[in-house]
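Participant: If you scroll down you'll find the structure; I have some questions about it.
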Amino acid sequence: MSTAAPEGGTAAISQAGAEVRLSGVNKWFGDHHVLRDINLTVKPGEVVVLLGPSGSGKSTLCRTINRLETIDSGSVQIDGAEIPAEGKALAELRSEVGMVFQSFNLFAHKSVLENVTMGPIKVRGKSKREARELAEALLKKVGVVNQADKLPAQLSGGQQQRVAIARSLAMRPRVMLFDEPTSALDPEMITEVLDTMASLAKEGMTMIVVTHEMGFAREAADRVVFLADGAVVEENTPEEFFTNPQSDRAKDFLGKIL
Ligand code: ADP
Ligand code: MG
């Protein structure tokens, strides 16, 4: 199953991406309608960048995909299967959908290596040796294998975020959600994390990425989906979206950030 990676000489160790389909998804927080009739299909291996003003529902949308948030109506499917409501089936689903946040949330008292081996050992029932081999391959892939025995706090923010990506990948996800993964990083560390994400995209991972890095959106996204007030207002190729936005909301948004 391993094939040559485009760069770095390490094997492609991610799984083939799954399809994600949201149909008629609505969600309220109290009387606040935060997701409005969302219809969005992300094809296997597709990279979708979600853009929109603060509060438009980007994080909530991501969180419905691994059921960190419940929905009030509609459906969310991974490869045609409805997301299970609870129990073992939900735990399995969650391990197929990796999520990387702004804060890295590594276990502070575990080494980098242990952070990556824990999930496969505890959830996937891997032997220590198997988990270690996979973790080392993944740490190599994200460029931090020589930090494996350190504690997270001994690493830079960019290195920690790459460990967080490796930790997610160790669960062999078929979809990766990234919610502002570089927002907490110093500028000089952003590129190394975006490069890691771009190489994952090239390997065929299905990715949904919330980011303010428009360079990444232009280069790595197959499609930009623009949300405002909880609704998909516009979706297009990055080229079209950035050069020829259609809606006033998108024009206004781009006017503020570009
Ligand atoms: P974005 O990620 O685009 O900034 P969010 O998905 O975080 O937007 O939030 C969408 C809206 O839902 C915002 O108005 C936010 O205040 C509200 N919201 C998010 N999480 C909660 C929650 N747990 N309880 C109540 N309101 C929430
Ligand atoms: Mg958010």
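Going by the structure tokens order, chains are called A, B, ..., each with residues numbered from 1, while ligands are numbered from 1 in the order shown.
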Within 7 Å of ligand 2, which residues show up when you count only C-alpha atoms and all ligand atoms? List them as JSON, numbers by chain, please.
Facilitator: {"A": [54, 55, 57, 58, 59, 179]}
Participant: Filtering to C-alpha atoms, could you give me those residues as a PDB file, in the first residue's frame?
Facilitator:
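selection27.pdb was written with the following content:
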ATOM      1  CA  SER A  54     -15.965  35.256  11.962  1.00  0.00           C
ATOM      2  CA  GLY A  55     -19.131  33.714  13.361  1.00  0.00           C
ATOM      3  CA  GLY A  57     -20.429  28.846  11.142  1.00  0.00           C
ATOM      4  CA  LYS A  58     -17.181  27.426   9.752  1.00  0.00           C
ATOM      5  CA  SER A  59     -16.087  25.710  12.961  1.00  0.00           C
ATOM      6  CA  ASP A 179      -9.846  24.440  11.711  1.00  0.00           C
TER       7      ASP A 179
END
Participant: Could I get the residue neighbourhood of ligand 1 at 10 Å, counting only C-alpha atoms and all ligand atoms, as a PyMOL selection string?
Facilitator: chain A and resi 27-35+50-64+69+179-180+210+227-230
Participant: Emit the selected residues as a short mmCIF file (atom, residue, chain, number, x, y, z; two decimals), in the first residue's frame, including N, CA and C atoms.
Facilitator:
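The resulting file, selection_26.cif, is shown below:
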data_model
loop_
_atom_site.label_atom_id
_atom_site.label_comp_id
_atom_site.auth_asym_id
_atom_site.auth_seq_id
_atom_site.Cartn_x
_atom_site.Cartn_y
_atom_site.Cartn_z
N LYS A 27 -28.72 23.71 12.00
CA LYS A 27 -28.37 23.66 13.42
C LYS A 27 -28.68 25.00 14.08
N TRP A 28 -29.26 24.89 15.24
CA TRP A 28 -29.51 26.07 16.06
C TRP A 28 -28.71 25.98 17.35
N PHE A 29 -28.21 27.11 17.83
CA PHE A 29 -27.78 27.22 19.22
C PHE A 29 -28.85 28.08 19.88
N GLY A 30 -29.75 27.46 20.64
CA GLY A 30 -30.89 28.21 21.18
C GLY A 30 -31.72 28.72 20.01
N ASP A 31 -31.95 30.03 19.95
CA ASP A 31 -32.73 30.55 18.82
C ASP A 31 -31.82 31.12 17.71
N HIS A 32 -30.54 30.84 17.83
CA HIS A 32 -29.60 31.31 16.81
C HIS A 32 -29.41 30.20 15.75
N HIS A 33 -29.82 30.51 14.54
CA HIS A 33 -29.76 29.53 13.45
C HIS A 33 -28.36 29.57 12.84
N VAL A 34 -27.47 28.67 13.30
CA VAL A 34 -26.05 28.80 12.93
C VAL A 34 -25.66 28.05 11.67
N LEU A 35 -26.40 27.01 11.29
CA LEU A 35 -26.17 26.37 9.99
C LEU A 35 -27.51 26.30 9.28
N LEU A 50 -12.89 26.33 3.43
CA LEU A 50 -14.08 27.03 3.91
C LEU A 50 -13.67 28.43 4.33
N LEU A 51 -14.29 29.41 3.71
CA LEU A 51 -14.00 30.79 4.07
C LEU A 51 -15.28 31.44 4.55
N GLY A 52 -15.13 32.52 5.28
CA GLY A 52 -16.29 33.28 5.72
C GLY A 52 -15.93 34.12 6.92
N PRO A 53 -16.73 35.16 7.17
CA PRO A 53 -16.44 36.03 8.31
C PRO A 53 -16.50 35.26 9.62
N SER A 54 -15.90 35.84 10.62
CA SER A 54 -15.96 35.26 11.96
C SER A 54 -17.43 35.10 12.38
N GLY A 55 -17.76 33.95 12.92
CA GLY A 55 -19.13 33.71 13.36
C GLY A 55 -20.05 33.18 12.27
N SER A 56 -19.50 32.93 11.07
CA SER A 56 -20.37 32.48 9.98
C SER A 56 -20.72 30.99 10.06
N GLY A 57 -20.06 30.26 10.96
CA GLY A 57 -20.43 28.85 11.14
C GLY A 57 -19.39 27.84 10.65
N LYS A 58 -18.21 28.32 10.31
CA LYS A 58 -17.18 27.43 9.75
C LYS A 58 -16.80 26.32 10.73
N SER A 59 -16.49 26.72 11.97
CA SER A 59 -16.09 25.71 12.96
C SER A 59 -17.24 24.76 13.26
N THR A 60 -18.42 25.30 13.39
CA THR A 60 -19.58 24.45 13.69
C THR A 60 -19.79 23.44 12.57
N LEU A 61 -19.66 23.90 11.33
CA LEU A 61 -19.83 22.98 10.20
C LEU A 61 -18.81 21.85 10.30
N CYS A 62 -17.55 22.20 10.53
CA CYS A 62 -16.52 21.15 10.67
C CYS A 62 -16.88 20.18 11.78
N ARG A 63 -17.33 20.72 12.87
CA ARG A 63 -17.58 19.88 14.04
C ARG A 63 -18.78 18.95 13.86
N THR A 64 -19.69 19.29 12.95
CA THR A 64 -20.80 18.36 12.70
C THR A 64 -20.29 17.10 11.98
N GLU A 69 -20.55 18.23 17.19
CA GLU A 69 -21.83 18.94 17.32
C GLU A 69 -22.91 18.08 16.70
N ASP A 179 -9.16 23.20 11.32
CA ASP A 179 -9.85 24.44 11.71
C ASP A 179 -8.82 25.48 12.17
N GLU A 180 -8.48 26.36 11.26
CA GLU A 180 -7.49 27.41 11.50
C GLU A 180 -6.20 26.86 12.12
N VAL A 210 -10.40 25.19 7.18
CA VAL A 210 -10.74 26.57 7.49
C VAL A 210 -9.42 27.29 7.70
N LEU A 227 -19.01 30.83 3.32
CA LEU A 227 -20.17 30.84 4.22
C LEU A 227 -20.40 32.25 4.74
N ALA A 228 -21.66 32.61 4.91
CA ALA A 228 -22.00 33.84 5.63
C ALA A 228 -23.30 33.57 6.37
N ASP A 229 -23.36 33.98 7.61
CA ASP A 229 -24.55 33.77 8.44
C ASP A 229 -25.06 32.33 8.39
N GLY A 230 -24.14 31.39 8.37
CA GLY A 230 -24.54 29.98 8.45
C GLY A 230 -25.00 29.35 7.16
#
Participant: From region 163-247 of chain A, collect each residue whose DSSP state is strand (DSSP E or B) and return the set as a PyMOL selection string.
Facilitator: chain A and resi 175-179+206-210+223-228+231-236
Participant: Interatomic distance between CA of Pro181 (chain A) and CA of Val100 (chain A)?
Facilitator: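 Distance between the two atoms: 6.3 Å.
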Participant: So the first atom is CA of Asp72 (chain A) and the second is CA of Ala89 (chain A); what is the distance between them in Å, to one decimal place?
Facilitator: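 Taking CA of Asp72 (chain A) as the start and CA of Ala89 (chain A) as the end point, the length is 20.1 Å.
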